[in-house]
Structures are given as C-alpha cells and as structure tokens.
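Q: Structure: upload.cif, mmCIF, C-alpha atoms and all ligand atoms.
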```
data_coords
#
loop_
_atom_site.label_atom_id
_atom_site.label_comp_id
_atom_site.auth_asym_id
_atom_site.auth_seq_id
_atom_site.Cartn_x
_atom_site.Cartn_y
_atom_site.Cartn_z
CA MET B 20 86.14 88.05 102.79
CA ARG B 21 87.03 84.52 103.84
CA ALA B 22 85.97 83.75 107.42
CA GLY B 23 88.92 84.04 109.80
CA GLN B 24 91.34 85.08 107.02
CA PRO B 25 93.00 88.50 106.74
CA SER B 26 92.47 90.53 103.57
CA GLN B 27 94.85 89.66 100.75
CA THR B 28 93.94 92.78 98.81
CA ALA B 29 95.08 94.84 101.82
CA ARG B 30 98.55 93.28 101.45
CA ARG B 31 98.55 94.27 97.81
CA THR B 32 97.52 97.89 98.26
CA ALA B 33 100.14 98.23 101.01
CA ALA B 34 102.70 96.81 98.56
CA TYR B 35 101.69 99.46 96.00
CA ARG B 36 102.33 102.23 98.54
CA ALA B 37 105.71 100.68 99.40
CA ILE B 38 106.74 100.47 95.73
CA HIS B 39 105.58 104.05 95.19
CA GLN B 40 108.14 105.15 97.81
CA THR B 41 111.10 103.41 96.21
CA LEU B 42 110.23 103.59 92.51
CA GLU B 43 108.60 107.04 92.42
CA GLY B 44 110.10 108.66 95.51
CA GLY B 45 106.69 108.91 97.21
CA THR B 46 106.01 112.02 95.11
CA ILE B 47 102.23 111.55 95.23
CA PHE B 48 102.00 110.12 98.73
CA HIS B 49 104.87 110.02 101.22
CA ASP B 50 104.69 107.07 103.62
CA PRO B 51 107.86 106.20 105.54
CA PHE B 52 106.16 103.18 107.17
CA ALA B 53 104.87 101.64 103.93
CA SER B 54 107.61 99.01 103.63
CA ARG B 55 108.19 98.46 107.33
CA ILE B 56 104.69 97.13 107.84
CA LEU B 57 104.96 94.48 105.08
CA ASP B 58 105.70 90.82 105.77
CA ALA B 59 108.76 89.07 104.29
CA ARG B 60 106.69 87.19 101.68
CA MET B 61 105.26 90.42 100.32
CA LEU B 62 108.59 92.24 100.47
CA ALA B 63 110.04 89.47 98.30
CA THR B 64 107.51 90.25 95.52
CA LEU B 65 108.04 94.03 95.39
CA ASP B 66 110.72 94.05 92.69
CA GLU B 67 108.63 91.88 90.40
CA MET B 68 105.54 94.06 90.97
CA ALA B 69 107.56 97.24 90.42
CA ALA B 70 108.82 95.92 87.07
CA ASP B 71 105.30 95.20 85.76
CA PRO B 72 104.09 98.28 83.81
CA SER B 73 100.49 97.03 83.86
CA LEU B 74 100.38 97.70 87.63
CA LYS B 75 101.35 101.38 87.36
CA PRO B 76 97.80 102.82 86.95
CA MET B 77 96.53 100.99 90.05
CA ARG B 78 99.66 101.85 92.06
CA LEU B 79 99.33 105.56 91.30
CA PHE B 80 95.60 105.48 92.02
CA VAL B 81 96.23 103.85 95.41
CA ALA B 82 98.84 106.52 96.22
CA ALA B 83 96.56 109.34 95.00
CA ARG B 84 93.49 108.23 96.93
CA SER B 85 95.54 108.27 100.17
CA ARG B 86 96.96 111.68 99.33
CA PHE B 87 93.49 113.04 98.53
CA SER B 88 92.10 111.62 101.75
CA GLU B 89 94.89 112.86 103.99
CA ASP B 90 94.71 116.33 102.40
CA ALA B 91 90.97 116.37 103.18
CA LEU B 92 91.66 115.03 106.66
CA GLY B 93 94.10 117.89 107.31
CA ALA B 94 91.47 120.41 106.22
CA SER B 95 88.95 118.75 108.57
CA VAL B 96 91.38 119.02 111.47
CA ALA B 97 91.91 122.70 110.63
CA ARG B 98 88.11 123.08 110.95
CA GLY B 99 88.22 121.55 114.43
CA ILE B 100 87.61 117.82 113.87
CA ARG B 101 89.48 115.71 116.43
CA GLN B 102 88.24 112.18 115.64
CA VAL B 103 89.49 110.19 112.62
CA VAL B 104 87.94 106.83 111.75
CA VAL B 105 89.80 104.65 109.24
CA LEU B 106 87.26 102.16 107.91
CA GLY B 107 88.70 98.95 106.42
CA ALA B 108 92.15 100.22 107.38
CA GLY B 109 94.19 97.24 106.19
CA LEU B 110 97.87 98.18 106.48
CA ASP B 111 97.18 101.92 106.18
CA THR B 112 99.75 103.77 108.31
CA PHE B 113 98.05 107.10 109.05
CA SER B 114 97.59 105.99 112.64
CA LEU B 115 101.37 105.58 113.00
CA ARG B 116 102.14 108.95 111.43
CA ASN B 117 99.29 111.07 112.83
CA PRO B 118 100.80 114.56 112.51
CA PHE B 119 97.85 115.98 114.48
CA ALA B 120 98.40 113.99 117.67
CA GLY B 121 99.60 117.11 119.45
CA GLN B 122 96.25 118.74 118.65
CA GLY B 123 94.43 115.87 120.35
CA VAL B 124 93.39 113.98 117.20
CA ARG B 125 92.43 110.40 118.02
CA VAL B 126 92.39 107.62 115.43
CA PHE B 127 89.97 104.69 115.37
CA GLU B 128 90.76 101.83 113.02
CA VAL B 129 87.74 99.71 112.10
CA ASP B 130 88.41 96.57 110.10
CA PHE B 131 87.46 92.97 109.48
CA PRO B 132 88.51 91.15 112.68
CA ALA B 133 91.03 88.76 111.04
CA THR B 134 92.64 91.62 109.06
CA GLN B 135 92.96 93.71 112.18
CA GLN B 136 94.49 90.87 114.19
CA TRP B 137 97.01 90.27 111.39
CA LYS B 138 97.88 94.00 111.31
CA ARG B 139 98.56 93.93 115.04
CA GLU B 140 100.94 91.00 114.46
CA GLN B 141 102.65 92.85 111.60
CA LEU B 142 103.14 95.91 113.80
CA SER B 143 104.53 93.80 116.59
CA GLN B 144 106.94 91.95 114.27
CA ALA B 145 108.12 95.27 112.85
CA ALA B 146 108.64 96.56 116.42
CA LEU B 147 106.25 99.42 115.67
CA ALA B 148 104.66 100.43 118.98
CA LEU B 149 100.92 101.10 119.11
CA PRO B 150 100.48 104.86 119.55
CA GLY B 151 98.41 106.03 122.51
CA TRP B 152 96.02 107.93 120.20
CA LEU B 153 95.05 104.75 118.29
CA THR B 154 92.12 102.48 119.15
CA PHE B 155 91.26 99.30 117.22
CA ALA B 156 87.64 98.28 116.70
CA PRO B 157 87.08 94.94 114.91
CA VAL B 158 83.88 94.95 112.81
CA ASP B 159 82.57 92.86 109.90
CA PHE B 160 80.57 95.46 107.96
CA GLU B 161 78.35 92.71 106.54
CA ARG B 162 77.33 91.39 109.96
CA GLN B 163 77.76 94.12 112.55
CA SER B 164 77.04 97.80 112.83
CA ILE B 165 79.89 100.27 113.17
CA ALA B 166 78.03 101.76 116.14
CA GLU B 167 78.30 98.41 117.90
CA GLY B 168 81.99 98.09 116.99
CA LEU B 169 82.87 101.57 118.21
CA ALA B 170 80.68 101.40 121.33
CA GLN B 171 83.51 100.59 123.75
CA SER B 172 86.22 102.53 121.91
CA GLY B 173 85.79 105.99 123.35
CA PHE B 174 84.48 107.31 120.01
CA ARG B 175 82.03 110.18 120.64
CA VAL B 176 78.95 109.97 118.42
CA ASP B 177 78.00 113.50 119.47
CA GLN B 178 81.29 114.98 118.16
CA PRO B 179 82.31 115.57 114.52
CA ALA B 180 84.54 113.01 112.83
CA PHE B 181 86.45 112.45 109.62
CA PHE B 182 85.99 109.02 108.02
CA GLN B 183 88.49 107.53 105.57
CA TRP B 184 87.13 104.53 103.67
CA LEU B 185 89.61 103.57 100.96
CA GLY B 186 89.60 100.43 98.85
CA VAL B 187 86.62 98.95 100.67
CA VAL B 188 83.33 99.96 98.98
CA PRO B 189 83.78 97.66 95.93
CA TYR B 190 84.08 94.66 98.27
CA LEU B 191 80.83 95.33 100.16
CA THR B 192 77.19 94.64 99.43
CA ARG B 193 74.90 97.62 98.84
CA GLN B 194 73.26 96.87 102.17
CA ALA B 195 76.56 97.14 104.08
CA ILE B 196 77.47 100.34 102.20
CA SER B 197 74.09 101.84 103.02
CA GLY B 198 74.42 100.92 106.71
CA THR B 199 77.86 102.52 106.93
CA LEU B 200 76.63 105.70 105.24
CA ASP B 201 73.73 105.83 107.70
CA PHE B 202 76.15 105.63 110.61
CA ILE B 203 78.35 108.41 109.20
CA ALA B 204 75.27 110.55 108.47
CA GLY B 205 74.32 110.30 112.14
CA ILE B 206 77.56 111.96 113.28
CA PRO B 207 77.22 115.76 113.44
CA ARG B 208 79.31 117.67 110.86
CA SER B 209 80.92 114.42 109.69
CA GLU B 210 83.17 114.40 106.64
CA PHE B 211 84.42 111.47 104.66
CA VAL B 212 86.44 110.26 101.71
CA PHE B 213 85.92 106.98 99.89
CA ASP B 214 86.59 105.46 96.51
CA TYR B 215 84.37 103.49 94.19
CA ALA B 216 84.53 101.82 90.79
CA GLU B 217 82.23 102.32 87.82
CA PRO B 218 80.45 99.29 86.30
CA PHE B 219 82.52 97.28 83.80
CA GLU B 220 80.19 98.26 80.95
CA ASN B 221 81.24 101.91 81.38
CA TYR B 222 84.82 101.05 80.42
CA PRO B 223 85.86 101.22 76.76
CA PRO B 224 86.36 97.72 75.31
CA ASP B 225 90.17 98.03 75.23
CA ARG B 226 90.32 98.62 79.01
CA ARG B 227 87.41 96.40 80.04
CA ALA B 228 89.28 93.11 79.77
CA HIS B 229 92.11 94.42 81.97
CA ILE B 230 89.83 95.65 84.74
CA MET B 231 87.77 92.45 84.65
CA GLY B 232 91.02 90.53 85.09
CA VAL B 233 91.86 92.61 88.17
CA ALA B 234 88.42 91.85 89.59
CA GLU B 235 88.76 88.13 88.80
CA ARG B 236 92.08 87.94 90.64
CA ALA B 237 90.57 89.69 93.66
CA ALA B 238 87.68 87.19 93.60
CA ALA B 239 90.16 84.32 93.44
CA ARG B 240 91.72 85.69 96.64
CA GLY B 241 88.28 85.46 98.27
CA GLU B 242 87.45 89.15 97.87
CA PRO B 243 85.04 89.61 94.95
CA TRP B 244 83.94 93.08 93.84
CA LEU B 245 80.30 93.25 94.87
CA SER B 246 79.31 96.86 94.19
CA HIS B 247 79.88 99.31 91.36
CA PHE B 248 78.34 102.74 90.90
CA ASP B 249 77.67 105.09 88.06
CA PRO B 250 78.82 108.60 89.14
CA ALA B 251 75.26 109.98 88.83
CA GLU B 252 73.86 107.10 90.87
CA LEU B 253 76.50 107.62 93.56
CA ALA B 254 75.73 111.34 93.75
CA LYS B 255 72.03 110.53 94.23
CA LEU B 256 72.78 107.96 96.95
CA LEU B 257 74.86 110.51 98.89
CA HIS B 258 72.17 113.17 98.44
CA ASP B 259 69.46 110.78 99.64
CA LYS B 260 71.55 110.02 102.74
CA GLY B 261 71.78 113.75 103.49
CA PHE B 262 75.36 114.39 102.37
CA ALA B 263 76.73 117.25 100.29
CA LEU B 264 79.07 115.90 97.63
CA VAL B 265 82.12 118.16 97.72
CA GLU B 266 84.24 116.47 95.07
CA ASP B 267 84.13 113.36 92.86
CA LEU B 268 87.43 112.92 91.04
CA GLY B 269 88.10 110.39 88.30
CA VAL B 270 91.56 109.35 87.16
CA ALA B 271 91.78 112.31 84.75
CA GLU B 272 91.30 114.83 87.58
CA LEU B 273 93.53 112.89 89.98
CA SER B 274 96.34 112.66 87.46
CA ASP B 275 96.12 116.38 86.69
CA ARG B 276 96.20 117.21 90.38
CA TYR B 277 98.78 114.77 91.70
CA TYR B 278 100.66 112.64 89.16
CA GLY B 279 102.92 115.25 87.56
CA ALA B 280 105.30 113.63 85.07
CA LEU B 281 104.11 110.18 86.18
CA LYS B 282 100.84 110.64 84.32
CA ALA B 283 102.45 109.82 80.97
CA GLY B 284 100.77 106.71 79.57
CA ILE B 285 98.10 106.46 82.30
CA PRO B 286 94.75 105.59 80.67
CA ILE B 287 92.00 108.03 81.57
CA GLY B 288 88.26 107.70 81.19
CA PRO B 289 85.64 105.74 83.15
CA GLY B 290 87.01 103.75 86.07
CA ALA B 291 87.90 104.43 89.68
CA HIS B 292 86.86 107.58 91.55
CA VAL B 293 87.51 109.19 94.90
CA VAL B 294 84.79 111.14 96.60
CA ARG B 295 84.71 113.68 99.38
CA ALA B 296 81.42 114.41 101.10
CA GLN B 297 80.13 116.23 104.16
CA ARG B 298 77.07 116.05 106.36
C1 LIG B 301 91.75 96.56 99.45
S1 LIG B 301 91.89 96.51 101.19
C2 LIG B 301 92.12 98.24 101.51
C3 LIG B 301 92.88 98.47 102.78
C4 LIG B 301 93.29 99.90 103.05
N1 LIG B 301 92.15 100.77 103.24
C5 LIG B 301 94.20 100.42 101.96
O1 LIG B 301 93.82 101.38 101.27
O2 LIG B 301 95.27 99.87 101.80
C6 LIG B 301 90.22 96.18 101.68
C7 LIG B 301 89.97 96.35 103.19
O3 LIG B 301 88.56 96.21 103.41
C8 LIG B 301 88.37 95.38 104.53
N2 LIG B 301 87.06 94.71 104.40
C9 LIG B 301 86.57 94.05 103.32
N3 LIG B 301 85.36 93.52 103.62
C10 LIG B 301 85.11 93.87 104.90
C11 LIG B 301 84.02 93.62 105.79
N4 LIG B 301 82.97 92.88 105.42
N5 LIG B 301 84.08 94.13 107.04
C12 LIG B 301 85.15 94.87 107.43
N6 LIG B 301 86.20 95.14 106.65
C13 LIG B 301 86.18 94.65 105.39
C14 LIG B 301 89.52 94.40 104.49
O4 LIG B 301 89.75 93.78 105.74
C15 LIG B 301 90.67 95.30 104.05
O5 LIG B 301 91.30 95.91 105.14
#
```
What would the structure in this file look like if it were written as structure tokens?
Ligand SMILES: C[S@@+](CC[C@H](N)C(=O)[O-])C[C@H]1O[C@@H](n2cnc3c(N)ncnc32)[C@H](O)[C@@H]1O
A:
Amino acid sequence: MRAGQPSQTARRTAAYRAIHQTLEGGTIFHDPFASRILDARMLATLDEMAADPSLKPMRLFVAARSRFSEDALGASVARGIRQVVVLGAGLDTFSLRNPFAGQGVRVFEVDFPATQQWKREQLSQAALALPGWLTFAPVDFERQSIAEGLAQSGFRVDQPAFFQWLGVVPYLTRQAISGTLDFIAGIPRSEFVFDYAEPFENYPPDRRAHIMGVAERAAARGEPWLSHFDPAELAKLLHDKGFALVEDLGVAELSDRYYGALKAGIPIGPGAHVVRAQR
C-alpha cells in the first residue's frame, strides 16, 4: 500500500461487483449498493470493463468469494455469533445491508486508514448513512495489531466472532498474515473466510502469463502481491494456528456451486481459493 493513499485494487473489486449486477443480474452475489458506492471516475469505466472478456474469470471469482463468505456468515449467525469483522473491507457493502441487524449483529470494518477514510467520503457523497451497527477501526496490518485497532471499538474479545478477509491476504507479508491469524485464533469459537492465491509456478503455462500480468498491474498501482500459498501449505498453517479447515474451494468447486450457466469458458485448475475455517 502507498502511504496515505487509498487502495486502488479495492476500487477495482467493487467495480467487478457492480458489473456483476448489471451484466449478470447479480446471480452469484446480489448487492444493491455495489454501484452506488463507486465514484464517478470508476463508474465511467464500467462499460469498458464489462466488455472485456478477459476480466470475466476474476469478476465471477470476486462475486463468488463474497457469496461464499456471506453464506458462511449467515450460518455463523444461526449458531449464535453476533460480531462480524470485515478485515480489509474496501468498498464491501455488507455493513450497509446487514440482514441480521435485528438479531443484534454488529459489524466492525478494519482497513488501511487511507482506504477507510476514502470509503467514508464515498458513503457521504452517495448519501448513504452510516448504520448504527457499524464501527470503523483503521489499522495497517503491517504496522499495528488488530487488537490495538479494535480496542476502543466495543468489540468483545471474549465473545465469538465471524471474520471476513477477502482480497487481502495476497497483499500482505507472511508476518502480517500470521499476526492476524493469531488474533483470530484468540477469539473463542471464531470462524473466518479468506481467499488466497497459489504460486505462479502452479499455474499451467498458458494461464501463467495472464495471472502474472494481473499481479504486475496491481504492483504498478502500489499493491504488489506479497504472499502465495500452496493448498497443502495453507492447510498446515491453519492447523498449526489451531484452526479446523472446514472448506478450501478452488475455482472448479466454486463454479460448480455458484456460477451456473456463467461457468462456460471459465478456466479451471490451480489459482485462487476461498477458505472457511473455525477455531
Ligand atoms: C483488493 S482490496 C479488497 C477489498 C474488499 N475486501 C473487497 O473484496 O472488495 C484489498 C484491501 O486490503 C486492504 N489492505 C491492503 N494492505 C493492507 C494493510 N497493510 N493494512 C490494512 N489493510 C490493507 C486495502 O485497504 C483494501 O481494502
């Protein structure tokens, strides 16, 4: 991340969710706020992005990871969890939609300070009021602990929580990832969903150049991919931190579960994964 600058990749993933609503009817992930939260500059690029077929796999993955996470979140709430922490929230809109507010579910958004400030401005410009159940906690995962960031937020470390951590792990150092996992592991009966990317060498040669191009463009925006994991290595890391790995889905499993007719032409094989784990 560039000091004092909001995340550019957060703008892009929000744009993917917005395009998914208009182009694909939100069939994987329905988000009525996806476009409203975007700035005019990004809105102006949506048609061009929607017309680019090379962006479809990433767009569907971004929609599917949110769907997977919010399905898991709903199951956690059904089991009694009343705290949701959205780590590296970007322009994620769960906090605006929270269908569990009536059950007392509180939402804590933890993000890079400049990204969070920019999101507040976006919400204000879109005349989207801050819900009473939402608390913002600015944290740079590379420099501060989440415990420190959440200390004044009303978050209860002695109560179970669901953590959503989407589109963030690849941008963090192993040290920051480990510190975040340690924090989550310290919360009783915690549950979480996050996504990760396999190393470039796992990709077949015909897909490797494309994914390296995606990573190069992210680096050029000041957000290089710093961490990749082999699925077996990731499973061991979670086990060593005391988590039970509930599910690890690659694109093949995600497309079978969620994409329906949209899965035609989507390349499957090594790549991005979403994971659900519990303490
Ligand atoms: C690709 S965006 C994903 C945003 C959102 N979760 C989504 O799915 O649209 C990456 C997010 O990670 C956050 N992030 C990256 N590095 C961070 C750091 N060192 N500390 C805190 N947040 C960070 C960015 O601010 C941004 O919100």
Q: Excluding Val176 of chain B and its own-chain neighbours fewer than 6 positions away, which residues fall within 9 Å of it when counting only C-alpha atoms? Please give them as a ChimeraX atom specification.
A: /B:166,205-207
Q: Mind writing the picked residues with C-alpha atoms as a compact mmCIF listing (two decimals), keeping the file's coordinate frame?
A:
```txt
# COMPACT_ATOMS: atom_id res chain seq x y z
CA ALA B 166 78.03 101.76 116.14
CA GLY B 205 74.32 110.30 112.14
CA ILE B 206 77.56 111.96 113.28
CA PRO B 207 77.22 115.76 113.44
```
Q: Build an axis-aligned box that encloses every atom of ligand LIG 301 (chain B) listed in the file, pad it by 5 Å on each side, and report its centre and edge lengths in Å to one decimal, as JSON.
A:
```
{"center_x": 89.1, "center_y": 97.1, "center_z": 103.4, "size_x": 22.3, "size_y": 18.5, "size_z": 18.0}
```
Q: Taking all atoms listed in the file and a cut-off of 7 Å, can you tell me which residues surround ligand LIG 301 (chain B), written as a PyMOL selection string?
A: chain B and resi 20+25-26+28-29+32-33+81+106-111+130-131+134+158-161+184-187+190-191
Q: Can you write just those residues out, C-alpha atoms, as a PDB file, in the frame of the given file?
A:
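part_29.pdb, freshly written:
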```
ATOM      1  CA  MET B  20      86.140  88.050 102.790  1.00  0.00           C
ATOM      2  CA  PRO B  25      93.000  88.500 106.740  1.00  0.00           C
ATOM      3  CA  SER B  26      92.470  90.530 103.570  1.00  0.00           C
ATOM      4  CA  THR B  28      93.940  92.780  98.810  1.00  0.00           C
ATOM      5  CA  ALA B  29      95.080  94.840 101.820  1.00  0.00           C
ATOM      6  CA  THR B  32      97.520  97.890  98.260  1.00  0.00           C
ATOM      7  CA  ALA B  33     100.140  98.230 101.010  1.00  0.00           C
ATOM      8  CA  VAL B  81      96.230 103.850  95.410  1.00  0.00           C
ATOM      9  CA  LEU B 106      87.260 102.160 107.910  1.00  0.00           C
ATOM     10  CA  GLY B 107      88.700  98.950 106.420  1.00  0.00           C
ATOM     11  CA  ALA B 108      92.150 100.220 107.380  1.00  0.00           C
ATOM     12  CA  GLY B 109      94.190  97.240 106.190  1.00  0.00           C
ATOM     13  CA  LEU B 110      97.870  98.180 106.480  1.00  0.00           C
ATOM     14  CA  ASP B 111      97.180 101.920 106.180  1.00  0.00           C
ATOM     15  CA  ASP B 130      88.410  96.570 110.100  1.00  0.00           C
ATOM     16  CA  PHE B 131      87.460  92.970 109.480  1.00  0.00           C
ATOM     17  CA  THR B 134      92.640  91.620 109.060  1.00  0.00           C
ATOM     18  CA  VAL B 158      83.880  94.950 112.810  1.00  0.00           C
ATOM     19  CA  ASP B 159      82.570  92.860 109.900  1.00  0.00           C
ATOM     20  CA  PHE B 160      80.570  95.460 107.960  1.00  0.00           C
ATOM     21  CA  GLU B 161      78.350  92.710 106.540  1.00  0.00           C
ATOM     22  CA  TRP B 184      87.130 104.530 103.670  1.00  0.00           C
ATOM     23  CA  LEU B 185      89.610 103.570 100.960  1.00  0.00           C
ATOM     24  CA  GLY B 186      89.600 100.430  98.850  1.00  0.00           C
ATOM     25  CA  VAL B 187      86.620  98.950 100.670  1.00  0.00           C
ATOM     26  CA  TYR B 190      84.080  94.660  98.270  1.00  0.00           C
ATOM     27  CA  LEU B 191      80.830  95.330 100.160  1.00  0.00           C
TER      28      LEU B 191
END
```
Q: From the options B:Pro150, B:Gly288, B:Gly99, B:Gly232, which residue's atoms come nearest to Thr112 of chain B, counting all atoms listed in the file?
A: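 Using all atoms listed in the file, Thr112 of chain B sits closest to B:Pro150.
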Q: May I ask which of the residues B:Ser172, B:Ser209, B:Gln178, B:Gln141 is the closest one to Met61 of chain B, counting all atoms listed in the file?
A: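 Among B:Ser172, B:Ser209, B:Gln178, B:Gln141, it is B:Gln141 that comes nearest to Met61 of chain B.
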Q: Select, from B:Phe48, B:Phe119, B:Tyr215, B:Phe262, the residue with the minimum atom-to-atom distance to Gln297 of chain B, counting all atoms listed in the file.
A: B:Phe262
Q: Do a neighbour search on segment 276-278 of chain B at 12 Å with all atoms listed in the file, toss out local chain neighbours closer than 3 positions, and write the hits as a PDB file with C-alpha atoms, keeping the file's coordinate frame.
A:
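Below is the file that was written, part-v2.pdb:
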```
ATOM      1  CA  HIS B  39     105.580 104.050  95.190  1.00  0.00           C
ATOM      2  CA  GLU B  43     108.600 107.040  92.420  1.00  0.00           C
ATOM      3  CA  GLY B  45     106.690 108.910  97.210  1.00  0.00           C
ATOM      4  CA  THR B  46     106.010 112.020  95.110  1.00  0.00           C
ATOM      5  CA  ILE B  47     102.230 111.550  95.230  1.00  0.00           C
ATOM      6  CA  PHE B  48     102.000 110.120  98.730  1.00  0.00           C
ATOM      7  CA  LYS B  75     101.350 101.380  87.360  1.00  0.00           C
ATOM      8  CA  PRO B  76      97.800 102.820  86.950  1.00  0.00           C
ATOM      9  CA  ARG B  78      99.660 101.850  92.060  1.00  0.00           C
ATOM     10  CA  LEU B  79      99.330 105.560  91.300  1.00  0.00           C
ATOM     11  CA  PHE B  80      95.600 105.480  92.020  1.00  0.00           C
ATOM     12  CA  VAL B  81      96.230 103.850  95.410  1.00  0.00           C
ATOM     13  CA  ALA B  82      98.840 106.520  96.220  1.00  0.00           C
ATOM     14  CA  ALA B  83      96.560 109.340  95.000  1.00  0.00           C
ATOM     15  CA  ARG B  84      93.490 108.230  96.930  1.00  0.00           C
ATOM     16  CA  SER B  85      95.540 108.270 100.170  1.00  0.00           C
ATOM     17  CA  ARG B  86      96.960 111.680  99.330  1.00  0.00           C
ATOM     18  CA  PHE B  87      93.490 113.040  98.530  1.00  0.00           C
ATOM     19  CA  ASP B  90      94.710 116.330 102.400  1.00  0.00           C
ATOM     20  CA  LEU B 268      87.430 112.920  91.040  1.00  0.00           C
ATOM     21  CA  GLY B 269      88.100 110.390  88.300  1.00  0.00           C
ATOM     22  CA  VAL B 270      91.560 109.350  87.160  1.00  0.00           C
ATOM     23  CA  ALA B 271      91.780 112.310  84.750  1.00  0.00           C
ATOM     24  CA  GLU B 272      91.300 114.830  87.580  1.00  0.00           C
ATOM     25  CA  LEU B 273      93.530 112.890  89.980  1.00  0.00           C
ATOM     26  CA  LEU B 281     104.110 110.180  86.180  1.00  0.00           C
ATOM     27  CA  LYS B 282     100.840 110.640  84.320  1.00  0.00           C
ATOM     28  CA  ALA B 283     102.450 109.820  80.970  1.00  0.00           C
ATOM     29  CA  GLY B 284     100.770 106.710  79.570  1.00  0.00           C
ATOM     30  CA  ILE B 285      98.100 106.460  82.300  1.00  0.00           C
TER      31      ILE B 285
END
```
Q: Nearest residue to Ala97 of chain B out of B:Leu115, B:Val124, B:Ala148, B:Leu169, using all atoms listed in the file?
A: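 Nearest candidate to Ala97 of chain B out of B:Leu115, B:Val124, B:Ala148, B:Leu169: B:Val124.
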Q: So, counting all atoms listed in the file, which residue among B:Gln24, B:Ser246, B:Ser197, B:Ser88 is closest to Gln135 of chain B?
A: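 Nearest candidate to Gln135 of chain B out of B:Gln24, B:Ser246, B:Ser197, B:Ser88: B:Gln24.
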Q: If we count all atoms listed in the file, what is near Val103 of chain B at a cut-off of 9 Å, once residues fewer than 5 positions away on the same chain are taken out, given as a ChimeraX atom specification?
A: /B:92,124-128,180-183
Q: Keeping only C-alpha atoms, write the selected residues as a CSV table (one decimal), in the coordinates of the input.
A:
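What ended up in result35.csv:
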```csv
chain,number,residue,atom,x,y,z
B,92,LEU,CA,91.7,115.0,106.7
B,124,VAL,CA,93.4,114.0,117.2
B,125,ARG,CA,92.4,110.4,118.0
B,126,VAL,CA,92.4,107.6,115.4
B,127,PHE,CA,90.0,104.7,115.4
B,128,GLU,CA,90.8,101.8,113.0
B,180,ALA,CA,84.5,113.0,112.8
B,181,PHE,CA,86.4,112.4,109.6
B,182,PHE,CA,86.0,109.0,108.0
B,183,GLN,CA,88.5,107.5,105.6
```
Q: Using the partial input, fill out segment 169-185 of chain B with N, CA and C atoms; write the result as a compact mmCIF listing (two decimals), keeping the file's coordinate frame.
A:
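The resulting part29.txt:
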```
# COMPACT_ATOMS: atom_id res chain seq x y z
N LEU B 169 82.18 100.43 117.59
CA LEU B 169 82.87 101.57 118.21
C LEU B 169 82.37 101.84 119.64
N ALA B 170 81.35 101.08 120.06
CA ALA B 170 80.68 101.40 121.33
C ALA B 170 81.64 101.50 122.51
N GLN B 171 82.62 100.61 122.58
CA GLN B 171 83.51 100.59 123.75
C GLN B 171 84.83 101.31 123.47
N SER B 172 84.92 102.02 122.34
CA SER B 172 86.22 102.53 121.91
C SER B 172 86.56 103.92 122.42
N GLY B 173 85.57 104.60 122.96
CA GLY B 173 85.79 105.99 123.35
C GLY B 173 85.40 106.97 122.24
N PHE B 174 84.94 106.44 121.10
CA PHE B 174 84.48 107.31 120.01
C PHE B 174 83.23 108.05 120.47
N ARG B 175 83.18 109.36 120.21
CA ARG B 175 82.03 110.18 120.64
C ARG B 175 81.10 110.41 119.46
N VAL B 176 79.90 109.81 119.53
CA VAL B 176 78.95 109.97 118.42
C VAL B 176 78.33 111.37 118.38
N ASP B 177 78.54 112.14 119.45
CA ASP B 177 78.00 113.50 119.47
C ASP B 177 79.05 114.55 119.07
N GLN B 178 80.23 114.07 118.59
CA GLN B 178 81.29 114.98 118.16
C GLN B 178 81.61 114.74 116.69
N PRO B 179 82.02 115.77 115.94
CA PRO B 179 82.31 115.57 114.52
C PRO B 179 83.47 114.60 114.31
N ALA B 180 83.48 113.99 113.14
CA ALA B 180 84.54 113.01 112.83
C ALA B 180 84.83 113.02 111.34
N PHE B 181 86.06 112.66 111.02
CA PHE B 181 86.45 112.45 109.62
C PHE B 181 86.57 110.94 109.42
N PHE B 182 85.95 110.45 108.35
CA PHE B 182 85.99 109.02 108.02
C PHE B 182 86.77 108.82 106.73
N GLN B 183 87.75 107.94 106.78
CA GLN B 183 88.49 107.53 105.57
C GLN B 183 88.10 106.09 105.27
N TRP B 184 87.68 105.85 104.02
CA TRP B 184 87.13 104.53 103.67
C TRP B 184 87.67 104.17 102.29
N LEU B 185 88.92 103.74 102.25
CA LEU B 185 89.61 103.57 100.96
C LEU B 185 89.77 102.10 100.59
```
